[in-house]
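Asker: Below you will find the structure I want to go over with you.
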Amino acid sequence: MNKVKTEMIEFPSNGDSTPGYLARPQDEDTHPGLVVIQEWWGLVPHIKDVAQRFAAQGFIALAPDLYHGQAASEPDEARKLAMGLEEARAVAEIQAAVRFLQGLRTVSPHKIGVVGWCMGGHLTPSTAAESRDLGAAVAFYGRPRDVSMAEQIEAPVLGLYGEHDHGIPVELVRQFDQALEQRGVAHEIRIYPGAGHAFFNDTRPQAYDPEAAQDAWQRTLDWFRRYLV
């Protein structure tokens, strides 16, 4: 495990700047870079904690604040923030985060990983469809905008879903799986029996599934180590 240092930063984006939480190993060695995409709650302590976990595992992780300082603690608040987020702008900011990591001396290789949960899991394949700078993508229970976007994706995709996620039907997940297969994209789709939405979020006891979360975490690390390291 690596010792970790963290800081809030600003990185150039869309002619302006975007705040973000940067977590990295304390050493000066080179490490693969990851963009960590928030849930609909915002850049909350849970997402910062996950970025730190990645850094402890040897990644340089940047979590862009797509709400620019706003966050929610109740579903109604989160829904309003998510509905007010323009997807094209969010994807552009994620791509700007990718470019920022590519410009860091301690980030190698040039290809960057992207991982997201919930809203971030939705934005992950959207970003993969738009960007050619990704070396790998991991989507936790993110509803694909359109199954046909698989035709534009080149980066290897790991998708992690709950069997009882009422917002993302299993059939839709299987259709996305089939679309990636037809496209010839390296991918793996895992549907966890008995798990629901947000099964990875250990700050939400009503949703957290420790067994599924642990397995998904290990698969995520293995995926990024396979394609980025």
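Residue numbering restarts at 1 in every chain; chains get A, B, ... in the order shown in the structure tokens, and ligands count up from 1 in that same order.
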For region 68-70 of chain A, work out the shell of residues within 9 Å, counting only C-alpha atoms and skipping chain neighbours fewer than 2 positions away, then give it as a list in words.

Answerer: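 Counting only the stated atoms, we get Thr18, Pro19, Gly20, Trp41, Gly42, Leu43, Pro64, Asp65, Leu66, Ala72 and Leu81 of chain A.
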
Asker: Please produce a file of the residues just selected, as a compact mmCIF listing (two decimals), in the first residue's frame, where the atoms kept are N, CA, C and O atoms.

Answerer:
```txt
# COMPACT_ATOMS: atom_id res chain seq x y z
N THR A 18 -12.18 23.78 -13.81
CA THR A 18 -13.03 22.87 -13.05
C THR A 18 -12.29 22.46 -11.79
O THR A 18 -11.11 22.11 -11.86
N PRO A 19 -12.95 22.51 -10.63
CA PRO A 19 -12.29 22.02 -9.42
C PRO A 19 -12.25 20.51 -9.41
O PRO A 19 -13.07 19.83 -10.06
N GLY A 20 -11.29 19.97 -8.69
CA GLY A 20 -11.18 18.52 -8.61
C GLY A 20 -10.38 18.11 -7.39
O GLY A 20 -9.62 18.91 -6.82
N TRP A 41 -24.73 12.50 -6.05
CA TRP A 41 -24.64 13.31 -4.83
C TRP A 41 -23.64 14.45 -4.98
O TRP A 41 -23.75 15.47 -4.30
N GLY A 42 -22.64 14.29 -5.84
CA GLY A 42 -21.60 15.30 -6.00
C GLY A 42 -20.26 14.79 -5.53
O GLY A 42 -20.06 13.59 -5.28
N LEU A 43 -19.31 15.71 -5.41
CA LEU A 43 -17.98 15.35 -4.92
C LEU A 43 -18.03 15.30 -3.39
O LEU A 43 -17.57 16.19 -2.69
N PRO A 64 -13.09 14.98 -10.69
CA PRO A 64 -13.57 16.32 -11.03
C PRO A 64 -14.89 16.62 -10.32
O PRO A 64 -15.73 15.73 -10.17
N ASP A 65 -15.04 17.86 -9.87
CA ASP A 65 -16.27 18.30 -9.23
C ASP A 65 -17.22 18.83 -10.31
O ASP A 65 -17.19 20.01 -10.65
N LEU A 66 -18.05 17.96 -10.83
CA LEU A 66 -18.91 18.32 -11.95
C LEU A 66 -20.03 19.28 -11.55
O LEU A 66 -20.64 19.92 -12.41
N ALA A 72 -25.29 17.16 -2.57
CA ALA A 72 -26.61 16.85 -2.03
C ALA A 72 -26.50 15.73 -1.00
O ALA A 72 -25.61 14.87 -1.07
N LEU A 81 -29.85 18.29 -9.00
CA LEU A 81 -28.50 18.60 -9.47
C LEU A 81 -28.15 17.77 -10.72
O LEU A 81 -27.58 18.30 -11.68
```

Asker: Could you check which of A:Gln95, A:Asn201, A:Thr6, A:Gln178 is closest to Gly113 (chain A), using only C-alpha atoms?

Answerer: A:Gln95

Asker: For Met149 (chain A), please output as a list in words all residues within 12 Å (counting only C-alpha atoms; exclusion window: fewer than 5 positions along the same chain).

Answerer: His122, Leu123, Thr124, Pro125, Ser126, Thr127, Ala128, Ala129, Glu130, Arg143, Pro144, Glu154, Gln175, Phe176, Asp177, Ala179, Leu180, Arg183 and Val185 of chain A

Asker: Just the selected residues (C-alpha atoms), exported as an mmCIF file, in the first residue's frame, please.

Answerer:
```cif
data_model
loop_
_atom_site.group_PDB
_atom_site.id
_atom_site.type_symbol
_atom_site.label_atom_id
_atom_site.label_comp_id
_atom_site.auth_asym_id
_atom_site.auth_seq_id
_atom_site.Cartn_x
_atom_site.Cartn_y
_atom_site.Cartn_z
ATOM 1 C CA HIS A 122 -23.637 6.618 -16.890
ATOM 2 C CA LEU A 123 -21.032 9.195 -17.903
ATOM 3 C CA THR A 124 -18.269 6.589 -18.167
ATOM 4 C CA PRO A 125 -19.437 4.917 -21.413
ATOM 5 C CA SER A 126 -20.475 8.333 -22.742
ATOM 6 C CA THR A 127 -16.902 9.510 -22.233
ATOM 7 C CA ALA A 128 -15.483 6.305 -23.700
ATOM 8 C CA ALA A 129 -17.589 6.874 -26.809
ATOM 9 C CA GLU A 130 -16.182 10.396 -27.220
ATOM 10 C CA ARG A 143 -27.409 3.252 -17.311
ATOM 11 C CA PRO A 144 -26.001 3.522 -20.864
ATOM 12 C CA GLU A 154 -12.694 1.459 -28.253
ATOM 13 C CA GLN A 175 -28.155 -5.653 -24.599
ATOM 14 C CA PHE A 176 -25.157 -3.416 -23.875
ATOM 15 C CA ASP A 177 -23.041 -6.517 -23.334
ATOM 16 C CA ALA A 179 -23.485 -4.613 -28.456
ATOM 17 C CA LEU A 180 -19.922 -4.513 -27.109
ATOM 18 C CA ARG A 183 -18.344 -4.424 -31.880
ATOM 19 C CA VAL A 185 -14.601 -4.346 -27.767
#
```

Asker: Using only C-alpha atoms, which residue out of A:Ile191, A:Ala61, A:Val98, A:Leu104 lies closest to Met8 (chain A)?

Answerer: A:Ala61

Asker: Out of A:Tyr161, A:Phe140, A:Phe11, A:Tyr67, which residue has the shortest atom-to-atom distance to Thr220 (chain A) when counting only C-alpha atoms?

Answerer: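 Of A:Tyr161, A:Phe140, A:Phe11, A:Tyr67, the one nearest Thr220 (chain A), counting only C-alpha atoms, is A:Phe140.
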
Asker: Find the spatial neighbours of Trp223 (chain A), counting only C-alpha atoms, within a cut-off of 10 Å - ignore same-chain residues fewer than 4 positions away - and output them as an MDAnalysis selection string.

Answerer: chainID A and resid 113 136:138 156:158 187:188 217:219 227:229

Asker: Please produce an output containing all heavy atoms for each residue in the selection, written as a compact mmCIF listing (two decimals), in the first residue's frame.

Answerer:
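So the final result, stored in selection_34.txt, reads:
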```txt
# COMPACT_ATOMS: atom_id res chain seq x y z
N GLY A 113 -7.36 5.86 -17.35
CA GLY A 113 -8.55 5.09 -17.01
C GLY A 113 -9.66 6.00 -16.51
O GLY A 113 -9.40 7.08 -15.96
N ALA A 136 -8.82 2.32 -20.46
CA ALA A 136 -9.76 1.38 -19.86
C ALA A 136 -10.87 2.17 -19.19
O ALA A 136 -10.67 3.32 -18.77
CB ALA A 136 -9.08 0.48 -18.85
N ALA A 137 -12.05 1.55 -19.07
CA ALA A 137 -13.19 2.19 -18.44
C ALA A 137 -13.90 1.19 -17.55
O ALA A 137 -14.04 0.01 -17.92
CB ALA A 137 -14.16 2.75 -19.50
N VAL A 138 -14.37 1.66 -16.40
CA VAL A 138 -15.15 0.82 -15.48
C VAL A 138 -16.40 1.59 -15.09
O VAL A 138 -16.32 2.70 -14.57
CB VAL A 138 -14.35 0.45 -14.22
CG1 VAL A 138 -15.23 -0.38 -13.27
CG2 VAL A 138 -13.09 -0.33 -14.59
N PRO A 156 -11.30 -0.82 -23.46
CA PRO A 156 -11.87 -1.98 -22.76
C PRO A 156 -12.82 -1.53 -21.64
O PRO A 156 -12.50 -0.61 -20.88
CB PRO A 156 -10.63 -2.68 -22.17
CG PRO A 156 -9.51 -2.25 -23.06
CD PRO A 156 -9.83 -0.84 -23.45
N VAL A 157 -13.98 -2.17 -21.55
CA VAL A 157 -15.04 -1.75 -20.63
C VAL A 157 -15.37 -2.87 -19.64
O VAL A 157 -15.64 -4.01 -20.04
CB VAL A 157 -16.32 -1.37 -21.38
CG1 VAL A 157 -17.46 -1.04 -20.40
CG2 VAL A 157 -16.07 -0.19 -22.31
N LEU A 158 -15.34 -2.53 -18.37
CA LEU A 158 -15.84 -3.41 -17.32
C LEU A 158 -17.12 -2.79 -16.76
O LEU A 158 -17.12 -1.64 -16.33
CB LEU A 158 -14.80 -3.55 -16.19
CG LEU A 158 -15.25 -4.29 -14.92
CD1 LEU A 158 -15.59 -5.74 -15.23
CD2 LEU A 158 -14.16 -4.20 -13.84
N HIS A 187 -14.30 -6.50 -23.17
CA HIS A 187 -15.23 -6.10 -22.12
C HIS A 187 -15.55 -7.28 -21.21
O HIS A 187 -15.32 -8.44 -21.55
CB HIS A 187 -16.53 -5.56 -22.73
CG HIS A 187 -17.37 -6.59 -23.38
ND1 HIS A 187 -17.04 -7.18 -24.60
CD2 HIS A 187 -18.53 -7.18 -22.99
CE1 HIS A 187 -17.95 -8.07 -24.92
NE2 HIS A 187 -18.87 -8.10 -23.97
N GLU A 188 -16.11 -6.91 -20.07
CA GLU A 188 -16.62 -7.90 -19.12
C GLU A 188 -17.79 -7.25 -18.41
O GLU A 188 -17.69 -6.11 -17.95
CB GLU A 188 -15.53 -8.29 -18.11
CG GLU A 188 -15.98 -9.30 -17.07
CD GLU A 188 -14.88 -9.60 -16.06
OE1 GLU A 188 -13.69 -9.63 -16.45
OE2 GLU A 188 -15.21 -9.78 -14.87
N TRP A 217 -14.58 -4.26 -6.39
CA TRP A 217 -13.35 -3.49 -6.18
C TRP A 217 -12.14 -4.25 -6.72
O TRP A 217 -11.30 -3.67 -7.43
CB TRP A 217 -13.17 -3.18 -4.70
CG TRP A 217 -11.90 -2.47 -4.34
CD1 TRP A 217 -10.86 -2.94 -3.59
CD2 TRP A 217 -11.52 -1.13 -4.72
NE1 TRP A 217 -9.87 -1.99 -3.47
CE2 TRP A 217 -10.25 -0.88 -4.16
CE3 TRP A 217 -12.14 -0.14 -5.48
CZ2 TRP A 217 -9.58 0.33 -4.33
CZ3 TRP A 217 -11.46 1.07 -5.65
CH2 TRP A 217 -10.20 1.29 -5.08
N GLN A 218 -12.06 -5.54 -6.41
CA GLN A 218 -10.92 -6.32 -6.90
C GLN A 218 -10.93 -6.44 -8.41
O GLN A 218 -9.88 -6.35 -9.06
CB GLN A 218 -10.93 -7.71 -6.26
CG GLN A 218 -9.65 -8.50 -6.52
CD GLN A 218 -8.42 -7.78 -6.02
OE1 GLN A 218 -8.33 -7.42 -4.83
NE2 GLN A 218 -7.45 -7.54 -6.89
N ARG A 219 -12.11 -6.63 -9.00
CA ARG A 219 -12.21 -6.69 -10.46
C ARG A 219 -11.78 -5.37 -11.09
O ARG A 219 -11.13 -5.34 -12.14
CB ARG A 219 -13.64 -7.03 -10.88
CG ARG A 219 -14.04 -8.46 -10.63
CD ARG A 219 -15.52 -8.69 -10.96
NE ARG A 219 -15.95 -10.02 -10.59
CZ ARG A 219 -15.91 -11.09 -11.38
NH1 ARG A 219 -15.46 -10.96 -12.63
NH2 ARG A 219 -16.32 -12.27 -10.97
N TYR A 227 -4.90 -3.26 -18.17
CA TYR A 227 -4.90 -2.43 -19.35
C TYR A 227 -4.10 -1.13 -19.22
O TYR A 227 -3.81 -0.48 -20.23
CB TYR A 227 -6.33 -2.10 -19.77
CG TYR A 227 -7.07 -3.31 -20.29
CD1 TYR A 227 -8.04 -3.96 -19.52
CD2 TYR A 227 -6.75 -3.86 -21.53
CE1 TYR A 227 -8.69 -5.09 -20.00
CE2 TYR A 227 -7.39 -4.98 -22.03
CZ TYR A 227 -8.36 -5.59 -21.25
OH TYR A 227 -8.99 -6.72 -21.73
N LEU A 228 -3.73 -0.74 -18.01
CA LEU A 228 -2.99 0.50 -17.83
C LEU A 228 -1.57 0.30 -17.36
O LEU A 228 -0.72 1.17 -17.56
CB LEU A 228 -3.72 1.43 -16.83
CG LEU A 228 -5.13 1.91 -17.21
CD1 LEU A 228 -5.67 2.81 -16.09
CD2 LEU A 228 -5.13 2.65 -18.53
N VAL A 229 -1.29 -0.80 -16.68
CA VAL A 229 0.03 -0.98 -16.07
C VAL A 229 0.90 -1.83 -16.98
O VAL A 229 0.47 -2.92 -17.38
CB VAL A 229 -0.11 -1.66 -14.69
CG1 VAL A 229 1.28 -1.91 -14.10
CG2 VAL A 229 -0.92 -0.78 -13.75
```

Asker: Using only C-alpha atoms, find the one residue out of A:Arg190, A:His46, A:Arg105, A:His197 that sits nearest to Pro32 (chain A).

Answerer: A:Arg105

Asker: Using Å and a single decimal, report how far CA of Leu134 (chain A) sits from CA of Val114 (chain A).

Answerer: 7.2 Å

Asker: Out of A:Ala155, A:Ala212, A:Val147, A:Ala23, which residue has the shortest atom-to-atom distance to Arg132 (chain A) when counting only C-alpha atoms?

Answerer: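 Closest residue, counting only C-alpha atoms: A:Ala155.
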
Asker: For the atom pair CA of Ala56 (chain A) and CA of Pro25 (chain A), what is the interatomic distance in Å to one decimal place?

Answerer: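 Those two atoms sit 6.4 Å apart.
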
Asker: Just asking: which residues within region 137-178 of chain A are strand (DSSP E or B) according to DSSP, as a list of chain:residue names?

Answerer: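 These are the residues in question: A:Ala137, A:Val138, A:Ala139, A:Phe140, A:Val157, A:Leu158, A:Gly159, A:Leu160, A:Tyr161, A:Gly162.
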
Asker: Next, the residues of the selection above should be written as a PDB file, in the first residue's frame with all heavy atoms.

Answerer:
```pdb
ATOM      1  N   ALA A 137     -12.047   1.554 -19.074  1.00  0.00           N
ATOM      2  CA  ALA A 137     -13.194   2.191 -18.436  1.00  0.00           C
ATOM      3  C   ALA A 137     -13.904   1.187 -17.554  1.00  0.00           C
ATOM      4  O   ALA A 137     -14.039   0.013 -17.919  1.00  0.00           O
ATOM      5  CB  ALA A 137     -14.157   2.745 -19.496  1.00  0.00           C
ATOM      6  N   VAL A 138     -14.372   1.657 -16.397  1.00  0.00           N
ATOM      7  CA  VAL A 138     -15.151   0.824 -15.479  1.00  0.00           C
ATOM      8  C   VAL A 138     -16.401   1.589 -15.086  1.00  0.00           C
ATOM      9  O   VAL A 138     -16.323   2.704 -14.570  1.00  0.00           O
ATOM     10  CB  VAL A 138     -14.348   0.446 -14.220  1.00  0.00           C
ATOM     11  CG1 VAL A 138     -15.229  -0.375 -13.271  1.00  0.00           C
ATOM     12  CG2 VAL A 138     -13.090  -0.326 -14.586  1.00  0.00           C
ATOM     13  N   ALA A 139     -17.571   0.988 -15.340  1.00  0.00           N
ATOM     14  CA  ALA A 139     -18.852   1.623 -15.033  1.00  0.00           C
ATOM     15  C   ALA A 139     -19.575   0.817 -13.962  1.00  0.00           C
ATOM     16  O   ALA A 139     -19.918  -0.349 -14.185  1.00  0.00           O
ATOM     17  CB  ALA A 139     -19.715   1.723 -16.289  1.00  0.00           C
ATOM     18  N   PHE A 140     -19.782   1.442 -12.804  1.00  0.00           N
ATOM     19  CA  PHE A 140     -20.588   0.849 -11.750  1.00  0.00           C
ATOM     20  C   PHE A 140     -22.029   1.313 -11.920  1.00  0.00           C
ATOM     21  O   PHE A 140     -22.309   2.519 -11.841  1.00  0.00           O
ATOM     22  CB  PHE A 140     -20.097   1.298 -10.373  1.00  0.00           C
ATOM     23  CG  PHE A 140     -18.891   0.578  -9.846  1.00  0.00           C
ATOM     24  CD1 PHE A 140     -17.626   0.858 -10.331  1.00  0.00           C
ATOM     25  CD2 PHE A 140     -19.015  -0.347  -8.825  1.00  0.00           C
ATOM     26  CE1 PHE A 140     -16.505   0.218  -9.817  1.00  0.00           C
ATOM     27  CE2 PHE A 140     -17.910  -0.988  -8.298  1.00  0.00           C
ATOM     28  CZ  PHE A 140     -16.650  -0.711  -8.799  1.00  0.00           C
ATOM     29  N   VAL A 157     -13.985  -2.166 -21.550  1.00  0.00           N
ATOM     30  CA  VAL A 157     -15.039  -1.753 -20.626  1.00  0.00           C
ATOM     31  C   VAL A 157     -15.368  -2.872 -19.644  1.00  0.00           C
ATOM     32  O   VAL A 157     -15.641  -4.005 -20.043  1.00  0.00           O
ATOM     33  CB  VAL A 157     -16.323  -1.369 -21.384  1.00  0.00           C
ATOM     34  CG1 VAL A 157     -17.459  -1.045 -20.402  1.00  0.00           C
ATOM     35  CG2 VAL A 157     -16.074  -0.191 -22.309  1.00  0.00           C
ATOM     36  N   LEU A 158     -15.344  -2.530 -18.368  1.00  0.00           N
ATOM     37  CA  LEU A 158     -15.838  -3.413 -17.316  1.00  0.00           C
ATOM     38  C   LEU A 158     -17.120  -2.792 -16.765  1.00  0.00           C
ATOM     39  O   LEU A 158     -17.123  -1.636 -16.332  1.00  0.00           O
ATOM     40  CB  LEU A 158     -14.797  -3.551 -16.193  1.00  0.00           C
ATOM     41  CG  LEU A 158     -15.245  -4.289 -14.921  1.00  0.00           C
ATOM     42  CD1 LEU A 158     -15.592  -5.743 -15.231  1.00  0.00           C
ATOM     43  CD2 LEU A 158     -14.160  -4.205 -13.844  1.00  0.00           C
ATOM     44  N   GLY A 159     -18.223  -3.534 -16.805  1.00  0.00           N
ATOM     45  CA  GLY A 159     -19.494  -3.049 -16.288  1.00  0.00           C
ATOM     46  C   GLY A 159     -19.932  -3.862 -15.084  1.00  0.00           C
ATOM     47  O   GLY A 159     -19.941  -5.100 -15.138  1.00  0.00           O
ATOM     48  N   LEU A 160     -20.293  -3.188 -13.991  1.00  0.00           N
ATOM     49  CA  LEU A 160     -20.632  -3.845 -12.730  1.00  0.00           C
ATOM     50  C   LEU A 160     -22.029  -3.403 -12.300  1.00  0.00           C
ATOM     51  O   LEU A 160     -22.255  -2.218 -12.037  1.00  0.00           O
ATOM     52  CB  LEU A 160     -19.587  -3.483 -11.668  1.00  0.00           C
ATOM     53  CG  LEU A 160     -18.145  -3.833 -12.070  1.00  0.00           C
ATOM     54  CD1 LEU A 160     -17.146  -3.101 -11.198  1.00  0.00           C
ATOM     55  CD2 LEU A 160     -17.929  -5.347 -11.991  1.00  0.00           C
ATOM     56  N   TYR A 161     -22.958  -4.357 -12.229  1.00  0.00           N
ATOM     57  CA  TYR A 161     -24.369  -4.033 -12.023  1.00  0.00           C
ATOM     58  C   TYR A 161     -24.993  -4.927 -10.961  1.00  0.00           C
ATOM     59  O   TYR A 161     -24.514  -6.035 -10.700  1.00  0.00           O
ATOM     60  CB  TYR A 161     -25.136  -4.207 -13.334  1.00  0.00           C
ATOM     61  CG  TYR A 161     -24.667  -3.307 -14.439  1.00  0.00           C
ATOM     62  CD1 TYR A 161     -23.634  -3.700 -15.297  1.00  0.00           C
ATOM     63  CD2 TYR A 161     -25.235  -2.052 -14.634  1.00  0.00           C
ATOM     64  CE1 TYR A 161     -23.190  -2.868 -16.317  1.00  0.00           C
ATOM     65  CE2 TYR A 161     -24.793  -1.210 -15.647  1.00  0.00           C
ATOM     66  CZ  TYR A 161     -23.771  -1.631 -16.485  1.00  0.00           C
ATOM     67  OH  TYR A 161     -23.328  -0.799 -17.484  1.00  0.00           O
ATOM     68  N   GLY A 162     -26.084  -4.439 -10.373  1.00  0.00           N
ATOM     69  CA  GLY A 162     -26.851  -5.219  -9.415  1.00  0.00           C
ATOM     70  C   GLY A 162     -28.068  -5.849 -10.066  1.00  0.00           C
ATOM     71  O   GLY A 162     -28.742  -5.209 -10.872  1.00  0.00           O
TER      72      GLY A 162
END
```

Asker: Can you list, as a ChimeraX atom specification, every residue of region 91-125 of chain A that DSSP puts in helix (DSSP H, G or I)?

Answerer: /A:91-102,119-125

Asker: Could the residues in this selection be saved with N, CA and C atoms as a PDB file, in the first residue's frame?

Answerer:
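Wrote again17.pdb, looks like this:
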```
ATOM      1  N   VAL A  91     -19.117  15.560 -19.940  1.00  0.00           N
ATOM      2  CA  VAL A  91     -18.156  14.733 -20.672  1.00  0.00           C
ATOM      3  C   VAL A  91     -16.940  15.560 -21.071  1.00  0.00           C
ATOM      4  N   ALA A  92     -17.163  16.802 -21.472  1.00  0.00           N
ATOM      5  CA  ALA A  92     -16.045  17.680 -21.832  1.00  0.00           C
ATOM      6  C   ALA A  92     -15.142  17.932 -20.624  1.00  0.00           C
ATOM      7  N   GLU A  93     -15.727  18.074 -19.438  1.00  0.00           N
ATOM      8  CA  GLU A  93     -14.918  18.295 -18.237  1.00  0.00           C
ATOM      9  C   GLU A  93     -14.154  17.031 -17.850  1.00  0.00           C
ATOM     10  N   ILE A  94     -14.772  15.881 -18.052  1.00  0.00           N
ATOM     11  CA  ILE A  94     -14.066  14.630 -17.789  1.00  0.00           C
ATOM     12  C   ILE A  94     -12.891  14.475 -18.756  1.00  0.00           C
ATOM     13  N   GLN A  95     -13.114  14.816 -20.013  1.00  0.00           N
ATOM     14  CA  GLN A  95     -12.023  14.767 -20.994  1.00  0.00           C
ATOM     15  C   GLN A  95     -10.920  15.757 -20.623  1.00  0.00           C
ATOM     16  N   ALA A  96     -11.301  16.905 -20.082  1.00  0.00           N
ATOM     17  CA  ALA A  96     -10.295  17.878 -19.631  1.00  0.00           C
ATOM     18  C   ALA A  96      -9.495  17.310 -18.459  1.00  0.00           C
ATOM     19  N   ALA A  97     -10.155  16.553 -17.589  1.00  0.00           N
ATOM     20  CA  ALA A  97      -9.453  15.899 -16.480  1.00  0.00           C
ATOM     21  C   ALA A  97      -8.464  14.866 -17.012  1.00  0.00           C
ATOM     22  N   VAL A  98      -8.868  14.147 -18.060  1.00  0.00           N
ATOM     23  CA  VAL A  98      -7.962  13.192 -18.710  1.00  0.00           C
ATOM     24  C   VAL A  98      -6.719  13.921 -19.220  1.00  0.00           C
ATOM     25  N   ARG A  99      -6.926  15.035 -19.911  1.00  0.00           N
ATOM     26  CA  ARG A  99      -5.783  15.792 -20.457  1.00  0.00           C
ATOM     27  C   ARG A  99      -4.887  16.330 -19.343  1.00  0.00           C
ATOM     28  N   PHE A 100      -5.493  16.760 -18.243  1.00  0.00           N
ATOM     29  CA  PHE A 100      -4.694  17.248 -17.113  1.00  0.00           C
ATOM     30  C   PHE A 100      -3.780  16.147 -16.590  1.00  0.00           C
ATOM     31  N   LEU A 101      -4.333  14.952 -16.417  1.00  0.00           N
ATOM     32  CA  LEU A 101      -3.514  13.841 -15.939  1.00  0.00           C
ATOM     33  C   LEU A 101      -2.413  13.491 -16.935  1.00  0.00           C
ATOM     34  N   GLN A 102      -2.734  13.542 -18.221  1.00  0.00           N
ATOM     35  CA  GLN A 102      -1.727  13.243 -19.241  1.00  0.00           C
ATOM     36  C   GLN A 102      -0.563  14.221 -19.177  1.00  0.00           C
ATOM     37  N   MET A 119     -24.562   8.121 -11.541  1.00  0.00           N
ATOM     38  CA  MET A 119     -24.452   9.114 -12.613  1.00  0.00           C
ATOM     39  C   MET A 119     -23.086   9.019 -13.288  1.00  0.00           C
ATOM     40  N   GLY A 120     -22.058   8.814 -12.478  1.00  0.00           N
ATOM     41  CA  GLY A 120     -20.715   8.656 -13.036  1.00  0.00           C
ATOM     42  C   GLY A 120     -20.579   7.403 -13.865  1.00  0.00           C
ATOM     43  N   GLY A 121     -21.315   6.347 -13.475  1.00  0.00           N
ATOM     44  CA  GLY A 121     -21.328   5.125 -14.274  1.00  0.00           C
ATOM     45  C   GLY A 121     -22.032   5.321 -15.603  1.00  0.00           C
ATOM     46  N   HIS A 122     -22.981   6.246 -15.637  1.00  0.00           N
ATOM     47  CA  HIS A 122     -23.637   6.618 -16.890  1.00  0.00           C
ATOM     48  C   HIS A 122     -22.682   7.427 -17.769  1.00  0.00           C
ATOM     49  N   LEU A 123     -21.940   8.336 -17.139  1.00  0.00           N
ATOM     50  CA  LEU A 123     -21.032   9.195 -17.903  1.00  0.00           C
ATOM     51  C   LEU A 123     -19.788   8.457 -18.394  1.00  0.00           C
ATOM     52  N   THR A 124     -19.465   7.332 -17.772  1.00  0.00           N
ATOM     53  CA  THR A 124     -18.269   6.589 -18.167  1.00  0.00           C
ATOM     54  C   THR A 124     -18.349   6.077 -19.610  1.00  0.00           C
ATOM     55  N   PRO A 125     -19.380   5.326 -20.011  1.00  0.00           N
ATOM     56  CA  PRO A 125     -19.437   4.917 -21.413  1.00  0.00           C
ATOM     57  C   PRO A 125     -19.643   6.090 -22.362  1.00  0.00           C
TER      58      PRO A 125
END
```

Asker: Rank A:Asp222, A:Glu87, A:Asp202, A:Glu181 by their smallest atom-to-atom distance to Asp49 (chain A), using only C-alpha atoms, and report the top residue only.

Answerer: A:Asp202

Asker: When you draw a straight line from CA of Glu10 (chain A) to CA of Pro109 (chain A), how long is it in Å?

Answerer: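 Pair CA of Glu10 (chain A) / CA of Pro109 (chain A) returns 22.3 Å.
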
Asker: Residues at most 10 Å from Glu211 (chain A), counting only C-alpha atoms, excluding those fewer than 3 positions away in the same chain, as a list in words?

Answerer: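 That gives Tyr192, Ala195, Phe199, Phe200, Tyr208, Gln214, Asp215 and Ala216 of chain A.
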
Asker: Write to file, as a PDB file, in the first residue's frame, the residues of the selection just made, with N, CA and C atoms.

Answerer:
```pdb
ATOM      1  N   TYR A 192     -24.431  -8.747 -10.231  1.00  0.00           N
ATOM      2  CA  TYR A 192     -24.336  -9.367  -8.912  1.00  0.00           C
ATOM      3  C   TYR A 192     -25.711  -9.825  -8.424  1.00  0.00           C
ATOM      4  N   ALA A 195     -27.927  -8.048  -5.445  1.00  0.00           N
ATOM      5  CA  ALA A 195     -27.470  -6.680  -5.182  1.00  0.00           C
ATOM      6  C   ALA A 195     -28.378  -5.670  -5.876  1.00  0.00           C
ATOM      7  N   PHE A 199     -24.648  -0.629  -4.658  1.00  0.00           N
ATOM      8  CA  PHE A 199     -24.147  -1.682  -3.774  1.00  0.00           C
ATOM      9  C   PHE A 199     -22.715  -1.442  -3.308  1.00  0.00           C
ATOM     10  N   PHE A 200     -21.978  -0.550  -4.001  1.00  0.00           N
ATOM     11  CA  PHE A 200     -20.579  -0.286  -3.624  1.00  0.00           C
ATOM     12  C   PHE A 200     -20.461   0.793  -2.546  1.00  0.00           C
ATOM     13  N   TYR A 208     -25.656  -0.816   0.550  1.00  0.00           N
ATOM     14  CA  TYR A 208     -24.326  -1.431   0.518  1.00  0.00           C
ATOM     15  C   TYR A 208     -24.411  -2.951   0.602  1.00  0.00           C
ATOM     16  N   GLN A 214     -16.777  -5.840  -2.462  1.00  0.00           N
ATOM     17  CA  GLN A 214     -15.398  -6.326  -2.398  1.00  0.00           C
ATOM     18  C   GLN A 214     -14.981  -6.983  -3.713  1.00  0.00           C
ATOM     19  N   ASP A 215     -15.869  -7.792  -4.262  1.00  0.00           N
ATOM     20  CA  ASP A 215     -15.564  -8.445  -5.531  1.00  0.00           C
ATOM     21  C   ASP A 215     -15.405  -7.412  -6.647  1.00  0.00           C
ATOM     22  N   ALA A 216     -16.318  -6.421  -6.683  1.00  0.00           N
ATOM     23  CA  ALA A 216     -16.264  -5.390  -7.725  1.00  0.00           C
ATOM     24  C   ALA A 216     -14.991  -4.561  -7.608  1.00  0.00           C
TER      25      ALA A 216
END
```
